[in-house]
>>> print(open('final_6.txt').read())   # compact mmCIF, C-alpha atoms
# COMPACT_ATOMS: atom_id res chain seq x y z
CA MET A 1425 -93.20 31.52 147.36
CA LEU A 1426 -96.53 32.34 145.72
CA ALA A 1427 -99.34 29.88 146.20
CA THR A 1428 -100.98 28.48 143.10
CA PRO A 1429 -104.76 28.63 142.84
CA TRP A 1430 -104.81 24.87 143.58
CA VAL A 1431 -102.94 25.39 146.84
CA LYS A 1432 -105.39 28.10 147.85
CA LEU A 1433 -108.41 26.00 146.84
CA HIS A 1434 -107.02 23.03 148.72
CA GLY A 1435 -106.42 25.11 151.82
CA VAL A 1436 -109.95 26.48 151.77
CA SER A 1437 -111.76 23.28 150.80
CA THR A 1438 -110.16 21.07 153.45
CA HIS A 1439 -111.86 22.90 156.30
CA PHE A 1440 -115.36 21.99 155.17
CA PRO A 1441 -114.99 18.20 155.50
CA ILE A 1442 -113.27 18.59 158.86
CA ALA A 1443 -115.94 20.85 160.36
CA LEU A 1444 -118.90 19.11 158.73
CA THR A 1445 -117.79 15.63 159.80
CA VAL A 1446 -117.58 16.83 163.41
CA ALA A 1447 -120.99 18.52 163.04
CA ALA A 1448 -122.49 15.32 161.59
CA PHE A 1449 -121.11 13.27 164.46
CA LEU A 1450 -122.41 15.69 167.10
CA CYS A 1451 -125.89 15.92 165.54
CA ASP A 1452 -126.18 12.16 165.13
CA PHE A 1453 -124.81 11.53 168.63
CA ALA A 1454 -127.45 13.86 170.04
CA ALA A 1455 -130.11 12.11 167.92
CA VAL A 1456 -129.14 8.75 169.41
CA ILE A 1457 -129.16 10.14 172.96
CA LEU A 1458 -132.52 11.85 172.43
CA TRP A 1459 -133.91 8.98 170.35
CA SER A 1460 -137.44 9.00 171.79
CA ARG A 1461 -137.88 12.79 171.61
CA PRO A 1462 -139.25 14.60 168.55
CA ILE A 1463 -136.07 16.65 168.15
CA ALA A 1464 -134.09 13.48 167.36
CA ARG A 1465 -135.51 13.37 163.83
CA SER A 1466 -134.41 16.97 163.15
CA LEU A 1467 -130.96 16.25 164.55
CA GLY A 1468 -130.75 13.20 162.28
CA VAL A 1469 -131.66 15.33 159.25
CA ALA A 1470 -129.01 17.87 160.22
CA GLY A 1471 -126.46 15.06 160.65
CA THR A 1472 -127.38 13.65 157.24
CA CYS A 1473 -126.98 17.04 155.57
CA ALA A 1474 -123.64 17.57 157.30
CA ILE A 1475 -122.17 14.19 156.30
CA VAL A 1476 -123.34 14.57 152.69
CA LEU A 1477 -121.87 18.08 152.45
CA SER A 1478 -118.71 16.77 154.09
CA ALA A 1479 -118.33 14.10 151.41
CA VAL A 1480 -119.00 16.65 148.64
CA GLY A 1481 -116.47 19.03 150.20
CA GLY A 1482 -114.06 16.13 150.42
CA ILE A 1483 -114.23 15.75 146.65
CA ALA A 1484 -113.05 19.34 146.18
CA ALA A 1485 -110.30 18.83 148.77
CA VAL A 1486 -109.09 15.61 147.14
CA VAL A 1487 -109.16 16.94 143.58
CA SER A 1488 -107.31 20.12 144.53
CA GLY A 1489 -104.85 18.09 146.63
CA VAL A 1490 -104.06 15.83 143.68
CA PHE A 1491 -103.25 18.92 141.61
CA VAL A 1492 -101.13 20.40 144.43
CA THR A 1493 -99.05 17.21 144.67
CA LYS A 1494 -98.87 16.89 140.88
CA GLY A 1495 -100.45 13.45 141.09
CA ASP A 1496 -98.33 12.06 143.94
CA LEU A 1497 -101.02 9.96 145.62
CA TRP A 1498 -98.85 8.44 148.34
CA GLY A 1499 -95.91 10.74 149.13
CA ALA A 1500 -93.20 10.60 151.79
CA GLY A 1501 -92.64 12.29 155.14
CA ASP A 1502 -95.50 14.52 156.28
CA LEU A 1503 -97.14 14.26 152.85
CA GLY A 1504 -97.03 10.48 153.15
CA MET A 1505 -98.59 10.59 156.63
CA HIS A 1506 -101.20 13.05 155.38
CA HIS A 1507 -102.15 10.72 152.53
CA ARG A 1508 -102.23 7.64 154.73
CA PHE A 1509 -105.05 9.31 156.65
CA VAL A 1510 -106.68 11.23 153.76
CA TRP A 1511 -107.56 8.24 151.60
CA PRO A 1512 -109.25 6.18 154.35
CA ALA A 1513 -110.95 9.36 155.66
CA PHE A 1514 -112.32 10.15 152.22
CA ALA A 1515 -113.55 6.58 151.77
CA VAL A 1516 -115.27 6.66 155.18
CA LEU A 1517 -116.94 10.02 154.47
CA VAL A 1518 -118.26 8.97 151.07
CA GLY A 1519 -119.31 5.58 152.43
CA ALA A 1520 -121.06 7.09 155.45
CA ALA A 1521 -122.87 9.66 153.31
CA THR A 1522 -124.00 6.95 150.90
CA TRP A 1523 -125.12 4.70 153.77
CA ARG A 1524 -127.05 7.51 155.44
CA LEU A 1525 -128.81 8.55 152.23
CA LYS A 1526 -129.70 4.96 151.43
CA ALA A 1527 -130.94 4.25 154.98
CA GLY A 1528 -133.25 7.26 154.92
CA ALA A 1529 -135.16 8.69 157.86
CA ASP A 1530 -136.56 5.36 159.02
CA ILE A 1531 -133.26 3.92 160.21
CA THR A 1532 -133.59 1.96 163.44
CA ARG A 1533 -131.48 2.72 166.48
CA LYS A 1534 -128.99 -0.18 166.32
CA PRO A 1535 -127.82 0.48 162.73
CA TYR A 1536 -127.82 4.20 163.57
CA VAL A 1537 -125.34 3.55 166.40
CA VAL A 1538 -123.13 1.53 164.02
CA TYR A 1539 -123.33 4.38 161.51
CA LEU A 1540 -122.42 6.83 164.29
CA CYS A 1541 -119.32 4.77 165.09
CA VAL A 1542 -118.31 4.87 161.41
CA VAL A 1543 -118.70 8.67 161.39
CA GLY A 1544 -116.63 8.77 164.60
CA VAL A 1545 -113.85 6.94 162.77
CA GLY A 1546 -114.24 9.53 159.99
CA VAL A 1547 -113.78 12.33 162.54
CA ILE A 1548 -110.56 10.74 163.79
CA LEU A 1549 -109.16 10.07 160.31
CA THR A 1550 -110.10 13.52 159.03
CA GLY A 1551 -108.54 15.14 162.08
CA ALA A 1552 -105.33 13.17 161.64
CA ALA A 1553 -105.20 14.07 157.93
CA GLY A 1554 -105.67 17.72 158.86
CA TYR A 1555 -102.96 17.50 161.50
CA TYR A 1556 -100.37 16.18 159.04
CA GLY A 1557 -101.53 18.69 156.42
CA GLY A 1558 -100.82 21.42 158.97
CA GLU A 1559 -97.43 19.88 159.72
CA MET A 1560 -96.55 20.25 156.04
CA LEU A 1561 -97.45 23.95 156.21
CA GLN A 1562 -95.29 24.37 159.33
CA GLY A 1563 -92.38 22.85 157.41
CA LEU A 1564 -92.80 25.43 154.63
CA SER A 1565 -92.49 28.46 156.89
>>> encode(input="final_6.txt", output="structure tokens")
Amino acid sequence: MLATPWVKLHGVSTHFPIALTVAAFLCDFAAVILWSRPIARSLGVAGTCAIVLSAVGGIAAVVSGVFVTKGDLWGAGDLGMHHRFVWPAFAVLVGAATWRLKAGADITRKPYVVYLCVVGVGVILTGAAGYYGGEMLQGLS
């Protein structure tokens, strides 16, 4: 079976939100741990860039995924499980990116920790969506 360009685009674009969400979490976690050190600000900037790029990459993954499924936004079986994690993951990524951009560099530690927890939930949801996406590929081979 030949893959359509949408299948290929979806396969490529999904890896960016997964990796960048993990990178954002790790950078922001380190920023919280090293809060009083000068490097914390740089880690926070890196985390912000990563979560924003993750959300942007998520747009490409979602759009290509909608084309791959021919508009089936809920699905059944592995596709259904994939979508039950994809939609909340996408909402968390876009919400976290928006929150982080709006908060700016002068965010205080307590809201930063709450934000970090939200990104942690995004890591879990994105990972689960990726897992079930991989399960669909296993079923095709």
>>> residues_around(input="final_6.txt", residues="A:Val1446", least_positions_apart="5", cutoff="10 Å", atoms="only C-alpha atoms", output="JSON, numbers by chain")
{"A": [1440, 1441, 1451, 1452, 1471, 1474, 1475, 1478, 1543, 1544, 1546, 1547, 1548, 1550, 1551]}
>>> atom_distance(input="final_6.txt", atom1="atom CA of A:Gly1557", atom2="atom CA of A:His1506")
5.7 Å
>>> residues_around(input="final_6.txt", residues="A:Arg1465", least_positions_apart="3", cutoff="10 Å", atoms="only C-alpha atoms", output="PyMOL selection string")
chain A and resi 1452+1455-1456+1458-1462+1468-1471+1529-1530
>>> closest_residue(input="final_6.txt", among="A:Gly1554, A:Val1431, A:Val1538, A:Cys1473", to="A:Ala1447", atoms="all atoms listed in the file")
A:Cys1473
>>> closest_residue(input="final_6.txt", among="A:Gly1501, A:Ile1457, A:Phe1449, A:Val1436", to="A:Glu1559", atoms="all atoms listed in the file")
A:Gly1501
>>> closest_residue(input="final_6.txt", among="A:Gly1563, A:Gly1558, A:Gly1435, A:Gly1482", to="A:Pro1512", atoms="all atoms listed in the file")
A:Gly1482
>>> residues_around(input="final_6.txt", residues="A:Val1476", least_positions_apart="3", cutoff="9 Å", atoms="all atoms listed in the file", output="PyMOL selection string")
chain A and resi 1444+1448+1471-1473+1479-1481+1517-1518+1520-1522+1524-1525
>>> atom_distance(input="final_6.txt", atom1="atom CA of A:Val1510", atom2="atom CA of A:Ala1553")
5.3 Å
>>> atom_distance(input="final_6.txt", atom1="atom CA of A:Leu1503", atom2="atom CA of A:Gly1519")
23.8 Å
>>> build_atoms(input="final_6.txt", residues="stretch 1487-1498 of chain A", atoms="all heavy atoms", output="PDB file, in the frame of the given file")
ATOM      1  N   VAL A1487    -109.538  16.542 144.945  1.00  0.00           N
ATOM      2  CA  VAL A1487    -109.160  16.940 143.580  1.00  0.00           C
ATOM      3  C   VAL A1487    -108.095  18.037 143.621  1.00  0.00           C
ATOM      4  O   VAL A1487    -107.072  17.949 142.934  1.00  0.00           O
ATOM      5  CB  VAL A1487    -110.399  17.402 142.770  1.00  0.00           C
ATOM      6  CG1 VAL A1487    -109.997  18.080 141.476  1.00  0.00           C
ATOM      7  CG2 VAL A1487    -111.311  16.218 142.488  1.00  0.00           C
ATOM      8  N   SER A1488    -108.308  19.049 144.450  1.00  0.00           N
ATOM      9  CA  SER A1488    -107.310  20.120 144.530  1.00  0.00           C
ATOM     10  C   SER A1488    -105.995  19.604 145.106  1.00  0.00           C
ATOM     11  O   SER A1488    -104.916  20.002 144.669  1.00  0.00           O
ATOM     12  CB  SER A1488    -107.834  21.296 145.364  1.00  0.00           C
ATOM     13  OG  SER A1488    -108.135  20.898 146.686  1.00  0.00           O
ATOM     14  N   GLY A1489    -106.066  18.669 146.065  1.00  0.00           N
ATOM     15  CA  GLY A1489    -104.850  18.090 146.630  1.00  0.00           C
ATOM     16  C   GLY A1489    -104.054  17.284 145.611  1.00  0.00           C
ATOM     17  O   GLY A1489    -102.822  17.324 145.609  1.00  0.00           O
ATOM     18  N   VAL A1490    -104.745  16.584 144.739  1.00  0.00           N
ATOM     19  CA  VAL A1490    -104.060  15.830 143.680  1.00  0.00           C
ATOM     20  C   VAL A1490    -103.317  16.793 142.749  1.00  0.00           C
ATOM     21  O   VAL A1490    -102.177  16.528 142.351  1.00  0.00           O
ATOM     22  CB  VAL A1490    -105.054  14.934 142.904  1.00  0.00           C
ATOM     23  CG1 VAL A1490    -104.428  14.371 141.638  1.00  0.00           C
ATOM     24  CG2 VAL A1490    -105.558  13.806 143.799  1.00  0.00           C
ATOM     25  N   PHE A1491    -103.931  17.920 142.441  1.00  0.00           N
ATOM     26  CA  PHE A1491    -103.250  18.920 141.610  1.00  0.00           C
ATOM     27  C   PHE A1491    -102.059  19.533 142.347  1.00  0.00           C
ATOM     28  O   PHE A1491    -101.009  19.760 141.751  1.00  0.00           O
ATOM     29  CB  PHE A1491    -104.210  20.016 141.154  1.00  0.00           C
ATOM     30  CG  PHE A1491    -105.008  19.621 139.944  1.00  0.00           C
ATOM     31  CD1 PHE A1491    -106.297  19.152 140.080  1.00  0.00           C
ATOM     32  CD2 PHE A1491    -104.462  19.709 138.675  1.00  0.00           C
ATOM     33  CE1 PHE A1491    -107.044  18.777 138.973  1.00  0.00           C
ATOM     34  CE2 PHE A1491    -105.191  19.343 137.555  1.00  0.00           C
ATOM     35  CZ  PHE A1491    -106.491  18.865 137.708  1.00  0.00           C
ATOM     36  N   VAL A1492    -102.224  19.807 143.642  1.00  0.00           N
ATOM     37  CA  VAL A1492    -101.130  20.400 144.430  1.00  0.00           C
ATOM     38  C   VAL A1492     -99.916  19.475 144.442  1.00  0.00           C
ATOM     39  O   VAL A1492     -98.783  19.919 144.308  1.00  0.00           O
ATOM     40  CB  VAL A1492    -101.586  20.703 145.879  1.00  0.00           C
ATOM     41  CG1 VAL A1492    -100.408  21.027 146.777  1.00  0.00           C
ATOM     42  CG2 VAL A1492    -102.585  21.844 145.887  1.00  0.00           C
ATOM     43  N   THR A1493    -100.154  18.171 144.581  1.00  0.00           N
ATOM     44  CA  THR A1493     -99.050  17.210 144.670  1.00  0.00           C
ATOM     45  C   THR A1493     -98.601  16.713 143.301  1.00  0.00           C
ATOM     46  O   THR A1493     -97.751  15.827 143.217  1.00  0.00           O
ATOM     47  CB  THR A1493     -99.429  15.998 145.533  1.00  0.00           C
ATOM     48  OG1 THR A1493    -100.524  15.308 144.914  1.00  0.00           O
ATOM     49  CG2 THR A1493     -99.779  16.414 146.944  1.00  0.00           C
ATOM     50  N   LYS A1494     -99.192  17.283 142.263  1.00  0.00           N
ATOM     51  CA  LYS A1494     -98.870  16.890 140.880  1.00  0.00           C
ATOM     52  C   LYS A1494     -99.044  15.379 140.680  1.00  0.00           C
ATOM     53  O   LYS A1494     -98.239  14.719 140.032  1.00  0.00           O
ATOM     54  CB  LYS A1494     -97.462  17.342 140.510  1.00  0.00           C
ATOM     55  CG  LYS A1494     -97.308  18.853 140.519  1.00  0.00           C
ATOM     56  CD  LYS A1494     -95.876  19.266 140.241  1.00  0.00           C
ATOM     57  CE  LYS A1494     -95.708  20.755 140.193  1.00  0.00           C
ATOM     58  NZ  LYS A1494     -95.998  21.486 141.393  1.00  0.00           N
ATOM     59  N   GLY A1495    -100.093  14.852 141.286  1.00  0.00           N
ATOM     60  CA  GLY A1495    -100.450  13.450 141.090  1.00  0.00           C
ATOM     61  C   GLY A1495     -99.767  12.478 142.027  1.00  0.00           C
ATOM     62  O   GLY A1495     -99.961  11.269 141.891  1.00  0.00           O
ATOM     63  N   ASP A1496     -98.982  12.955 142.973  1.00  0.00           N
ATOM     64  CA  ASP A1496     -98.330  12.060 143.940  1.00  0.00           C
ATOM     65  C   ASP A1496     -99.375  11.629 144.956  1.00  0.00           C
ATOM     66  O   ASP A1496     -99.701  12.351 145.894  1.00  0.00           O
ATOM     67  CB  ASP A1496     -97.166  12.772 144.639  1.00  0.00           C
ATOM     68  CG  ASP A1496     -96.373  11.853 145.554  1.00  0.00           C
ATOM     69  OD1 ASP A1496     -96.770  10.681 145.728  1.00  0.00           O
ATOM     70  OD2 ASP A1496     -95.361  12.315 146.100  1.00  0.00           O
ATOM     71  N   LEU A1497     -99.915  10.428 144.790  1.00  0.00           N
ATOM     72  CA  LEU A1497    -101.020   9.960 145.620  1.00  0.00           C
ATOM     73  C   LEU A1497    -100.583   9.298 146.916  1.00  0.00           C
ATOM     74  O   LEU A1497    -101.421   8.965 147.748  1.00  0.00           O
ATOM     75  CB  LEU A1497    -101.901   8.989 144.825  1.00  0.00           C
ATOM     76  CG  LEU A1497    -102.517   9.547 143.547  1.00  0.00           C
ATOM     77  CD1 LEU A1497    -103.349   8.486 142.857  1.00  0.00           C
ATOM     78  CD2 LEU A1497    -103.329  10.793 143.816  1.00  0.00           C
ATOM     79  N   TRP A1498     -99.296   9.095 147.115  1.00  0.00           N
ATOM     80  CA  TRP A1498     -98.850   8.440 148.340  1.00  0.00           C
ATOM     81  C   TRP A1498     -97.883   9.329 149.125  1.00  0.00           C
ATOM     82  O   TRP A1498     -98.090   9.590 150.284  1.00  0.00           O
ATOM     83  CB  TRP A1498     -98.240   7.078 148.024  1.00  0.00           C
ATOM     84  CG  TRP A1498     -98.285   6.163 149.204  1.00  0.00           C
ATOM     85  CD1 TRP A1498     -97.216   5.573 149.779  1.00  0.00           C
ATOM     86  CD2 TRP A1498     -99.414   5.737 149.955  1.00  0.00           C
ATOM     87  NE1 TRP A1498     -97.608   4.801 150.850  1.00  0.00           N
ATOM     88  CE2 TRP A1498     -98.969   4.887 150.977  1.00  0.00           C
ATOM     89  CE3 TRP A1498    -100.779   5.992 149.876  1.00  0.00           C
ATOM     90  CZ2 TRP A1498     -99.815   4.292 151.901  1.00  0.00           C
ATOM     91  CZ3 TRP A1498    -101.625   5.402 150.802  1.00  0.00           C
ATOM     92  CH2 TRP A1498    -101.142   4.565 151.787  1.00  0.00           C
TER      93      TRP A1498
END
